[in-house]
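Listing of upload16.txt, compact mmCIF, C-alpha atoms and all ligand atoms
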# COMPACT_ATOMS: atom_id res chain seq x y z
CA MET I 60 18.32 -7.19 21.77
CA GLY I 61 19.20 -9.80 19.08
CA CYS I 62 17.36 -10.09 15.78
CA ILE I 63 15.14 -12.97 16.82
CA SER I 64 14.15 -11.45 20.14
CA LEU I 65 13.52 -8.07 18.49
CA ALA I 66 11.22 -9.81 15.99
CA LEU I 67 9.49 -11.55 18.88
CA PHE I 68 9.15 -8.25 20.73
CA CYS I 69 7.58 -6.63 17.64
CA LYS I 70 5.21 -9.60 17.29
CA ILE I 71 4.12 -9.36 20.94
CA PHE I 72 3.69 -5.59 20.59
CA GLU I 73 1.60 -6.10 17.45
CA GLU I 74 -0.45 -8.84 19.15
CA ASN I 75 -1.25 -6.55 22.06
CA LYS I 76 -2.70 -3.95 19.76
CA MET I 77 -6.41 -3.61 19.75
CA LYS I 78 -7.83 -2.12 16.61
CA ILE I 79 -11.50 -2.90 16.90
CA ILE I 80 -14.55 -2.23 14.73
CA MET I 81 -18.03 -2.40 16.23
CA LEU I 82 -20.63 -3.60 13.73
CA GLY I 83 -24.37 -3.89 14.22
CA ALA I 84 -27.69 -2.32 13.38
CA PRO I 85 -28.59 1.16 14.64
CA GLY I 86 -29.37 0.81 18.34
CA ALA I 87 -27.73 -2.63 18.65
CA GLY I 88 -25.58 -1.31 21.49
CA LYS I 89 -22.34 -0.52 19.62
CA GLY I 90 -21.83 2.77 21.43
CA THR I 91 -22.67 1.30 24.84
CA GLN I 92 -20.10 -1.48 24.38
CA ALA I 93 -17.49 0.67 22.63
CA LYS I 94 -17.36 3.06 25.61
CA GLN I 95 -16.76 0.16 27.99
CA ILE I 96 -14.10 -1.40 25.76
CA ALA I 97 -12.34 1.97 25.51
CA GLY I 98 -12.38 2.31 29.30
CA LYS I 99 -11.17 -1.21 30.06
CA TYR I 100 -8.39 -1.34 27.45
CA ASN I 101 -7.47 2.33 27.63
CA ILE I 102 -7.89 3.02 23.93
CA PRO I 103 -9.85 5.86 22.30
CA HIS I 104 -13.51 5.42 21.33
CA ILE I 105 -14.04 6.93 17.89
CA SER I 106 -17.71 7.35 16.99
CA THR I 107 -18.46 8.99 13.65
CA GLY I 108 -22.02 9.67 14.82
CA ASP I 109 -20.68 11.51 17.90
CA ILE I 110 -18.20 13.45 15.74
CA PHE I 111 -21.00 14.58 13.42
CA ARG I 112 -23.27 15.50 16.36
CA ALA I 113 -20.45 17.51 18.00
CA ASN I 114 -19.90 19.35 14.72
CA LEU I 115 -23.60 20.04 14.46
CA LYS I 116 -23.68 21.39 18.01
CA ASN I 117 -20.71 23.66 17.24
CA GLY I 118 -22.34 24.89 14.02
CA THR I 119 -19.50 23.81 11.71
CA GLU I 120 -19.92 23.38 7.93
CA LEU I 121 -19.38 19.62 8.36
CA GLY I 122 -22.12 19.50 10.99
CA LYS I 123 -24.57 21.39 8.77
CA LYS I 124 -23.85 19.10 5.81
CA ALA I 125 -24.11 15.92 7.92
CA LYS I 126 -27.43 16.99 9.51
CA VAL I 127 -29.23 16.88 6.15
CA TYR I 128 -28.49 13.14 5.87
CA MET I 129 -28.71 12.21 9.54
CA ASP I 130 -32.19 13.67 10.02
CA LYS I 131 -33.47 11.45 7.20
CA GLY I 132 -31.70 8.37 8.56
CA GLU I 133 -29.38 8.28 5.55
CA LEU I 134 -25.62 7.93 5.44
CA VAL I 135 -23.38 10.95 5.27
CA PRO I 136 -21.43 10.65 1.97
CA ASP I 137 -18.18 8.67 2.13
CA GLU I 138 -16.11 11.68 1.04
CA LEU I 139 -17.16 13.59 4.16
CA THR I 140 -16.55 10.61 6.42
CA CYS I 141 -13.42 8.72 5.36
CA ASP I 142 -10.78 11.46 5.69
CA LEU I 143 -12.16 12.39 9.08
CA VAL I 144 -11.53 8.89 10.43
CA MET I 145 -8.19 8.38 8.63
CA ASP I 146 -6.89 11.62 10.20
CA ARG I 147 -8.17 10.66 13.64
CA ILE I 148 -6.53 7.21 13.73
CA LYS I 149 -3.14 8.78 12.99
CA ASP I 150 -3.26 10.62 16.32
CA GLU I 151 -0.77 9.67 19.02
CA ASP I 152 -3.44 8.28 21.36
CA CYS I 153 -4.33 5.62 18.74
CA LYS I 154 -0.89 4.01 18.72
CA ASN I 155 -1.98 1.06 20.90
CA GLY I 156 -5.34 0.66 19.23
CA PHE I 157 -8.77 2.22 19.01
CA VAL I 158 -12.40 1.20 18.87
CA LEU I 159 -14.36 2.38 15.84
CA ASP I 160 -18.09 2.81 16.43
CA GLY I 161 -20.23 3.52 13.35
CA PHE I 162 -17.35 3.32 10.90
CA PRO I 163 -16.96 1.74 8.41
CA ARG I 164 -20.55 1.63 7.27
CA THR I 165 -20.17 0.93 3.56
CA ILE I 166 -17.87 -1.31 1.54
CA PRO I 167 -16.00 1.73 0.09
CA GLN I 168 -15.39 2.99 3.66
CA ALA I 169 -14.08 -0.45 4.68
CA GLU I 170 -11.82 -0.58 1.63
CA ALA I 171 -10.48 2.90 2.38
CA LEU I 172 -9.70 1.82 5.96
CA THR I 173 -8.00 -1.41 4.84
CA ALA I 174 -5.90 0.53 2.29
CA ALA I 175 -4.90 3.25 4.79
CA LEU I 176 -3.74 0.65 7.32
CA GLU I 177 -1.94 -1.44 4.70
CA LYS I 178 0.15 1.60 3.83
CA ILE I 179 1.60 1.51 7.34
CA GLY I 180 1.83 -2.29 7.46
CA GLN I 181 -1.15 -2.74 9.76
CA LYS I 182 -4.62 -4.22 9.72
CA MET I 183 -7.70 -4.25 11.90
CA ASP I 184 -7.63 -6.91 14.62
CA TYR I 185 -11.30 -7.47 15.49
CA ALA I 186 -14.69 -6.75 13.91
CA ILE I 187 -17.35 -7.38 16.55
CA ASP I 188 -20.91 -7.70 15.30
CA VAL I 189 -23.45 -6.95 18.03
CA ASP I 190 -26.37 -8.97 16.75
CA VAL I 191 -29.90 -7.71 17.54
CA PRO I 192 -33.00 -8.46 15.42
CA ASP I 193 -34.89 -5.52 13.91
CA GLU I 194 -37.94 -6.07 16.11
CA ASN I 195 -35.93 -5.30 19.28
CA ILE I 196 -34.38 -2.19 17.74
CA VAL I 197 -37.45 0.02 17.41
CA ASN I 198 -38.28 -0.35 21.13
CA ARG I 199 -34.74 0.42 22.16
CA MET I 200 -34.48 3.55 20.06
CA GLY I 201 -37.78 4.95 21.30
CA GLY I 202 -36.52 4.56 24.87
CA ARG I 203 -33.04 5.94 24.34
CA ARG I 204 -32.26 9.39 25.76
CA ALA I 205 -29.05 11.22 24.90
CA CYS I 206 -27.39 14.01 26.84
CA VAL I 207 -27.10 17.29 24.93
CA GLY I 208 -24.03 18.16 27.01
CA CYS I 209 -21.68 15.16 27.15
CA GLY I 210 -23.37 12.63 24.84
CA ALA I 211 -23.95 10.00 27.56
CA THR I 212 -26.81 7.67 26.67
CA TYR I 213 -29.58 6.22 28.82
CA HIS I 214 -32.66 4.11 28.31
CA ILE I 215 -35.88 5.05 30.05
CA VAL I 216 -36.42 1.44 31.16
CA SER I 217 -33.05 -0.37 31.19
CA ILE I 218 -30.70 2.47 32.25
CA PRO I 219 -32.80 5.37 33.56
CA PRO I 220 -31.02 8.49 34.81
CA LYS I 221 -31.24 9.15 38.56
CA LYS I 222 -33.38 12.23 37.87
CA GLU I 223 -35.78 12.06 34.93
CA GLY I 224 -34.61 14.07 31.91
CA ILE I 225 -31.27 15.07 33.51
CA CYS I 226 -27.83 13.59 32.80
CA ASP I 227 -26.20 11.88 35.81
CA VAL I 228 -22.74 12.78 34.46
CA CYS I 229 -22.99 16.49 33.64
CA GLY I 230 -26.49 17.63 34.67
CA ALA I 231 -27.51 18.70 31.14
CA GLU I 232 -30.86 17.91 29.51
CA LEU I 233 -31.61 14.45 28.06
CA ILE I 234 -33.40 14.33 24.71
CA LEU I 235 -34.83 11.85 22.22
CA ARG I 236 -32.46 12.11 19.24
CA GLU I 237 -34.15 13.49 16.12
CA ASP I 238 -33.17 10.34 14.21
CA ASP I 239 -34.60 8.03 16.93
CA LYS I 240 -38.17 8.90 15.96
CA PRO I 241 -39.93 5.72 14.71
CA GLU I 242 -40.26 6.72 11.03
CA THR I 243 -36.56 7.59 10.81
CA VAL I 244 -35.54 4.41 12.63
CA GLN I 245 -37.28 2.33 9.93
CA ASN I 246 -35.23 4.08 7.26
CA ARG I 247 -32.00 3.65 9.25
CA LEU I 248 -32.70 -0.09 9.46
CA LYS I 249 -33.26 -0.27 5.70
CA VAL I 250 -30.04 1.65 5.05
CA TYR I 251 -28.23 -0.69 7.49
CA HIS I 252 -29.41 -3.83 5.67
CA ASP I 253 -28.63 -2.41 2.22
CA GLN I 254 -25.28 -0.74 2.86
CA THR I 255 -23.73 -1.85 6.16
CA GLN I 256 -24.67 -5.50 6.63
CA PRO I 257 -22.43 -6.56 3.67
CA LEU I 258 -19.49 -5.64 5.94
CA ILE I 259 -20.19 -8.78 7.96
CA ASP I 260 -19.03 -10.90 5.02
CA TYR I 261 -16.22 -8.47 4.24
CA TYR I 262 -14.69 -8.96 7.70
CA LYS I 263 -15.55 -12.68 7.78
CA ASN I 264 -13.39 -12.98 4.67
CA GLN I 265 -10.58 -11.12 6.48
CA GLY I 266 -10.88 -13.70 9.30
CA ILE I 267 -11.52 -11.14 12.06
CA LEU I 268 -15.31 -11.30 12.46
CA HIS I 269 -16.80 -12.19 15.87
CA THR I 270 -20.52 -12.16 16.61
CA VAL I 271 -21.99 -11.52 20.06
CA ASP I 272 -25.64 -11.78 21.06
CA GLY I 273 -26.76 -8.19 21.65
CA THR I 274 -30.20 -9.11 23.02
CA VAL I 275 -28.91 -10.14 26.45
CA PRO I 276 -28.30 -7.59 29.26
CA MET I 277 -25.50 -5.15 28.46
CA GLU I 278 -23.15 -6.54 31.16
CA SER I 279 -23.46 -9.99 29.54
CA VAL I 280 -22.73 -8.54 26.11
CA PHE I 281 -19.61 -6.89 27.54
CA GLY I 282 -18.59 -10.15 29.25
CA ALA I 283 -18.78 -11.96 25.90
CA ILE I 284 -16.65 -9.25 24.28
CA VAL I 285 -14.00 -9.38 26.99
CA THR I 286 -13.88 -13.17 26.61
CA LEU I 287 -13.23 -12.91 22.90
CA LEU I 288 -10.66 -10.10 23.28
CA GLY I 289 -8.93 -12.51 25.62
CA GLN I 290 -7.42 -10.13 28.19
P1 LIG S 301 -24.61 6.68 14.87
O1 LIG S 301 -24.61 7.64 15.98
O2 LIG S 301 -23.41 5.85 14.62
O3 LIG S 301 -25.91 5.82 15.01
P2 LIG S 301 -26.17 4.25 14.80
O4 LIG S 301 -25.16 3.39 14.16
O5 LIG S 301 -27.47 4.25 14.11
O6 LIG S 301 -26.06 3.73 16.17
P3 LIG S 301 -26.70 4.29 17.43
O7 LIG S 301 -25.82 5.31 18.07
O8 LIG S 301 -28.11 4.72 17.12
O9 LIG S 301 -26.84 2.97 18.27
P4 LIG S 301 -25.78 2.07 19.00
O10 LIG S 301 -25.64 0.77 18.27
O11 LIG S 301 -24.54 2.82 19.31
O12 LIG S 301 -26.61 1.75 20.30
P5 LIG S 301 -26.51 2.34 21.78
O13 LIG S 301 -25.32 1.77 22.45
O14 LIG S 301 -26.69 3.82 21.80
O15 LIG S 301 -24.92 7.45 13.49
C1 LIG S 301 -25.98 8.39 13.38
C2 LIG S 301 -26.02 8.87 11.94
O16 LIG S 301 -24.76 9.52 11.61
C3 LIG S 301 -26.22 7.81 10.88
O17 LIG S 301 -27.57 7.48 10.69
C4 LIG S 301 -25.59 8.51 9.66
O18 LIG S 301 -26.46 9.45 9.10
C5 LIG S 301 -24.40 9.25 10.26
N1 LIG S 301 -23.15 8.45 10.23
C6 LIG S 301 -22.44 8.02 11.32
N2 LIG S 301 -21.36 7.32 10.93
C7 LIG S 301 -21.38 7.31 9.56
C8 LIG S 301 -20.55 6.73 8.58
N3 LIG S 301 -19.47 5.99 8.90
N4 LIG S 301 -20.87 6.92 7.27
C9 LIG S 301 -21.95 7.64 6.92
N5 LIG S 301 -22.79 8.21 7.81
C10 LIG S 301 -22.52 8.03 9.12
O19 LIG S 301 -27.81 1.62 22.39
C11 LIG S 301 -29.11 1.97 21.95
C12 LIG S 301 -30.08 1.96 23.14
O20 LIG S 301 -30.23 0.63 23.61
C13 LIG S 301 -29.58 2.80 24.33
O21 LIG S 301 -30.67 3.41 24.96
C14 LIG S 301 -28.94 1.74 25.26
O22 LIG S 301 -29.01 2.13 26.60
C15 LIG S 301 -29.79 0.50 24.98
N6 LIG S 301 -29.04 -0.74 25.06
C16 LIG S 301 -27.76 -0.97 24.62
N7 LIG S 301 -27.40 -2.25 24.84
C17 LIG S 301 -28.49 -2.87 25.41
C18 LIG S 301 -28.76 -4.19 25.87
N8 LIG S 301 -27.86 -5.17 25.78
N9 LIG S 301 -29.99 -4.43 26.38
C19 LIG S 301 -30.94 -3.45 26.48
N10 LIG S 301 -30.73 -2.18 26.09
C20 LIG S 301 -29.53 -1.87 25.55

Could you express the structure from this file as structure tokens?
Amino acid sequence: MGCISLALFCKIFEENKMKIIMLGAPGAGKGTQAKQIAGKYNIPHISTGDIFRANLKNGTELGKKAKVYMDKGELVPDELTCDLVMDRIKDEDCKNGFVLDGFPRTIPQAEALTAALEKIGQKMDYAIDVDVPDENIVNRMGGRRACVGCGATYHIVSIPPKKEGICDVCGAELILREDDKPETVQNRLKVYHDQTQPLIDYYKNQGILHTVDGTVPMESVFGAIVTLLGQ
């Protein structure tokens, strides 16, 4: 392959990469959409919330430390979060892209991610903000049920399980997450507005921000995302 065509090949390869960040308030539907994106584009779904919950379930030190913050609706400190994600995105299965769900959540986390990618000559490709007003969020969180076994999520009205309280996927129990109780949700929303919403401008300035309306049915949200990803 000549120099020009090799350069073109590299460009096409780079263009096909899908390094995606899901932004949005707690309960906006980031996880719901991230799972579908991961399935359609065959890239890993990396959810820091799921990683912390798995650690908690397995009784690790990280899980115990994270629980203290999560139960109050506060953010786990950046020093416990950043290295975890930086190590994960170096894995072989991330070479064609990945979808980050719940990370970054603060400007220092975003800067750490930008710096880590710059070191290897890369950058994020899309930051997708799933936009849902606060008033819709509290209802959604109260109705969400999460599987203690596989982490699948349901909603008692919009996506009920076939059998009440039981996961369709693995048959384990469905629970209301500790941090989905109304008083904790209010604090999570406050933390979101104070610490995470500034990322919208951060990624707008990088020219990769896209906003989708997260109040419409989840299939329509996914349709809008597929349209913007363009494949
Ligand atoms: P995390 O698990 O990331 O929670 P979150 O960001 O608050 O997001 P959620 O998982 O609650 O909501 P979601 O947007 O994924 O919505 P979902 O798709 O489930 O983090 C938990 C905690 O971990 C944090 O509070 C923090 O303490 C810690 N943490 C995690 N990452 C961290 C980081 N980077 N730094 C520091 N700390 C960190 O949908 C919600 C519900 O709505 C579901 O029931 C769903 O079925 C329903 N739904 C979804 N879409 C629609 C729709 N279009 N219409 C109707 N219903 C819908």

- Task: Give the residues close to ligand LIG 301 (chain S), within 6 Å, counting only C-alpha atoms and all ligand atoms; write them as a ChimeraX atom specification.
- Result: /I:85-91,107-109,128-129,132-136,140,161-164,199-200,202-203,212-214,217-218,273-277

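For the choices I:Asp238, I:Asp253, I:Asp130, I:Asp146, the atom-to-atom distance to I:Val197 is smallest for I:Asp238 when using all atoms listed in the file.
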
- Message: Which residues are near I:Val144? Cut-off 10 Å, all atoms listed in the file, ignore same chain within fewer than 3 positions. Put them as a list in words.
- Response: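 Within the cut-off, the hits are Ile105, Ser106, Thr107, Ile110, Leu139, Thr140, Cys141, Arg147, Ile148, Lys149, Leu159, Phe162, Pro163, Gln168 and Leu172 of chain I.
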
- Message: So the first atom is atom CA of I:Pro241 and the second is atom CA of I:Ala84; what is the distance between them in Å, to one decimal place?
- Response: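 Value for the atom CA of I:Pro241-atom CA of I:Ala84 distance: 14.7 Å.
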
- Item | Given only C-alpha atoms as the counted atoms, nearest of I:Gly282, I:Gly210, I:Pro257, I:Gly122 to I:Asp227 | I:Gly210

- Message: Calculated over only C-alpha atoms, which of the candidates I:Leu258, I:Val158, I:Leu143, I:Cys229 has the smallest distance to I:Gly83?
- Response: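 Between I:Leu258, I:Val158, I:Leu143, I:Cys229, the residue approaching I:Gly83 most closely is I:Leu258.
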
- Any idea what the distance is between atom CA of I:Gly266 and atom CA of I:Gly289? 16.5 Å

- So how many Å separate atom CA of I:Gly224 and atom CA of I:Leu121, to one decimal?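 Between atom CA of I:Gly224 and atom CA of I:Leu121 the gap works out to 28.6 Å.
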
- Task: Could you tell me which of I:Gly230, I:Gly201, I:Pro192, I:Pro220 comes closest to I:His252 if we count only C-alpha atoms?
- Result: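 Closest to I:His252 of all the choices is I:Pro192.
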
Just need the box for stretch 140-152 of chain I, edges along x, y and z, holding every atom the file lists for it with 8 Å tacked onto each side, so centre and edge lengths in Å to one decimal, as AutoDock Vina command-line options.
--center_x -8.7 --center_y 9.8 --center_z 13.4 --size_x 31.8 --size_y 21.2 --size_z 32.0

- Message: Applying 12 Å and all atoms listed in the file, which residues near I:Asp184 remain after dropping the ones on its own chain fewer than 6 positions away? List them as an MDAnalysis selection string.
- Response: chainID I and resid 73:81 155:159 173 176 262:263 265:269 287:288

Selection export as a PDB file, in the coordinates of the input, atoms kept: C-alpha atoms:
ATOM      1  CA  GLU I  73       1.600  -6.100  17.450  1.00  0.00           C
ATOM      2  CA  GLU I  74      -0.450  -8.840  19.150  1.00  0.00           C
ATOM      3  CA  ASN I  75      -1.250  -6.550  22.060  1.00  0.00           C
ATOM      4  CA  LYS I  76      -2.700  -3.950  19.760  1.00  0.00           C
ATOM      5  CA  MET I  77      -6.410  -3.610  19.750  1.00  0.00           C
ATOM      6  CA  LYS I  78      -7.830  -2.120  16.610  1.00  0.00           C
ATOM      7  CA  ILE I  79     -11.500  -2.900  16.900  1.00  0.00           C
ATOM      8  CA  ILE I  80     -14.550  -2.230  14.730  1.00  0.00           C
ATOM      9  CA  MET I  81     -18.030  -2.400  16.230  1.00  0.00           C
ATOM     10  CA  ASN I 155      -1.980   1.060  20.900  1.00  0.00           C
ATOM     11  CA  GLY I 156      -5.340   0.660  19.230  1.00  0.00           C
ATOM     12  CA  PHE I 157      -8.770   2.220  19.010  1.00  0.00           C
ATOM     13  CA  VAL I 158     -12.400   1.200  18.870  1.00  0.00           C
ATOM     14  CA  LEU I 159     -14.360   2.380  15.840  1.00  0.00           C
ATOM     15  CA  THR I 173      -8.000  -1.410   4.840  1.00  0.00           C
ATOM     16  CA  LEU I 176      -3.740   0.650   7.320  1.00  0.00           C
ATOM     17  CA  TYR I 262     -14.690  -8.960   7.700  1.00  0.00           C
ATOM     18  CA  LYS I 263     -15.550 -12.680   7.780  1.00  0.00           C
ATOM     19  CA  GLN I 265     -10.580 -11.120   6.480  1.00  0.00           C
ATOM     20  CA  GLY I 266     -10.880 -13.700   9.300  1.00  0.00           C
ATOM     21  CA  ILE I 267     -11.520 -11.140  12.060  1.00  0.00           C
ATOM     22  CA  LEU I 268     -15.310 -11.300  12.460  1.00  0.00           C
ATOM     23  CA  HIS I 269     -16.800 -12.190  15.870  1.00  0.00           C
ATOM     24  CA  LEU I 287     -13.230 -12.910  22.900  1.00  0.00           C
ATOM     25  CA  LEU I 288     -10.660 -10.100  23.280  1.00  0.00           C
TER      26      LEU I 288
END

Please rebuild stretch 144-155 of chain I with all heavy atoms and return the result as a compact mmCIF listing (two decimals), in the frame of the given file.
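Output file result_12.txt is given in full below:
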# COMPACT_ATOMS: atom_id res chain seq x y z
N VAL I 144 -11.96 10.03 9.61
CA VAL I 144 -11.53 8.89 10.43
C VAL I 144 -10.04 8.60 10.20
O VAL I 144 -9.30 8.37 11.15
CB VAL I 144 -12.38 7.63 10.12
CG1 VAL I 144 -11.90 6.43 10.91
CG2 VAL I 144 -13.85 7.91 10.42
N MET I 145 -9.61 8.68 8.93
CA MET I 145 -8.19 8.38 8.63
C MET I 145 -7.29 9.36 9.39
O MET I 145 -6.25 8.98 9.89
CB MET I 145 -7.89 8.47 7.13
CG MET I 145 -8.70 7.54 6.27
SD MET I 145 -8.89 5.89 6.95
CE MET I 145 -10.37 5.39 6.12
N ASP I 146 -7.70 10.63 9.46
CA ASP I 146 -6.89 11.62 10.20
C ASP I 146 -6.90 11.30 11.69
O ASP I 146 -5.88 11.39 12.35
CB ASP I 146 -7.46 13.04 10.00
CG ASP I 146 -7.14 13.58 8.62
OD1 ASP I 146 -6.29 12.97 7.94
OD2 ASP I 146 -7.75 14.58 8.23
N ARG I 147 -8.06 10.90 12.19
CA ARG I 147 -8.17 10.66 13.64
C ARG I 147 -7.31 9.47 14.09
O ARG I 147 -6.67 9.54 15.14
CB ARG I 147 -9.65 10.42 13.99
CG ARG I 147 -9.93 10.11 15.46
CD ARG I 147 -9.60 11.26 16.37
NE ARG I 147 -9.76 10.93 17.79
CZ ARG I 147 -8.79 10.39 18.55
NH1 ARG I 147 -7.60 10.12 18.04
NH2 ARG I 147 -9.03 10.13 19.83
N ILE I 148 -7.27 8.40 13.26
CA ILE I 148 -6.53 7.21 13.73
C ILE I 148 -5.02 7.38 13.62
O ILE I 148 -4.27 6.53 14.11
CB ILE I 148 -7.00 5.89 13.04
CG1 ILE I 148 -6.73 5.92 11.53
CG2 ILE I 148 -8.47 5.62 13.33
CD1 ILE I 148 -7.12 4.61 10.83
N LYS I 149 -4.58 8.50 13.01
CA LYS I 149 -3.14 8.78 12.99
C LYS I 149 -2.69 9.45 14.28
O LYS I 149 -1.50 9.62 14.52
CB LYS I 149 -2.80 9.70 11.81
CG LYS I 149 -2.81 9.00 10.47
CD LYS I 149 -2.35 10.00 9.40
CE LYS I 149 -2.95 9.67 8.06
NZ LYS I 149 -3.28 10.84 7.27
N ASP I 150 -3.63 9.90 15.10
CA ASP I 150 -3.26 10.62 16.32
C ASP I 150 -2.48 9.72 17.28
O ASP I 150 -2.67 8.50 17.30
CB ASP I 150 -4.52 11.17 17.03
CG ASP I 150 -5.11 12.36 16.28
OD1 ASP I 150 -4.44 12.89 15.38
OD2 ASP I 150 -6.26 12.74 16.60
N GLU I 151 -1.65 10.37 18.09
CA GLU I 151 -0.77 9.67 19.02
C GLU I 151 -1.54 8.70 19.95
O GLU I 151 -1.08 7.60 20.22
CB GLU I 151 -0.03 10.74 19.84
CG GLU I 151 0.96 10.26 20.86
CD GLU I 151 2.12 9.47 20.27
OE1 GLU I 151 2.39 9.58 19.05
OE2 GLU I 151 2.76 8.73 21.05
N ASP I 152 -2.72 9.12 20.40
CA ASP I 152 -3.44 8.28 21.36
C ASP I 152 -3.98 6.99 20.73
O ASP I 152 -4.49 6.12 21.44
CB ASP I 152 -4.58 9.06 22.05
CG ASP I 152 -5.67 9.47 21.09
OD1 ASP I 152 -5.43 9.51 19.86
OD2 ASP I 152 -6.79 9.77 21.56
N CYS I 153 -3.84 6.83 19.41
CA CYS I 153 -4.33 5.62 18.74
C CYS I 153 -3.22 4.59 18.55
O CYS I 153 -3.45 3.55 17.93
CB CYS I 153 -4.94 5.97 17.37
SG CYS I 153 -6.46 6.91 17.51
N LYS I 154 -2.03 4.88 19.07
CA LYS I 154 -0.89 4.01 18.72
C LYS I 154 -1.03 2.58 19.29
O LYS I 154 -0.49 1.66 18.72
CB LYS I 154 0.45 4.65 19.10
CG LYS I 154 0.73 4.75 20.56
CD LYS I 154 2.11 5.39 20.74
CE LYS I 154 2.64 5.31 22.15
NZ LYS I 154 1.69 5.72 23.20
N ASN I 155 -1.78 2.42 20.37
CA ASN I 155 -1.98 1.06 20.90
C ASN I 155 -3.33 0.48 20.54
O ASN I 155 -3.72 -0.56 21.06
CB ASN I 155 -1.82 1.05 22.42
CG ASN I 155 -0.39 1.33 22.81
OD1 ASN I 155 0.54 0.95 22.09
ND2 ASN I 155 -0.20 2.03 23.92
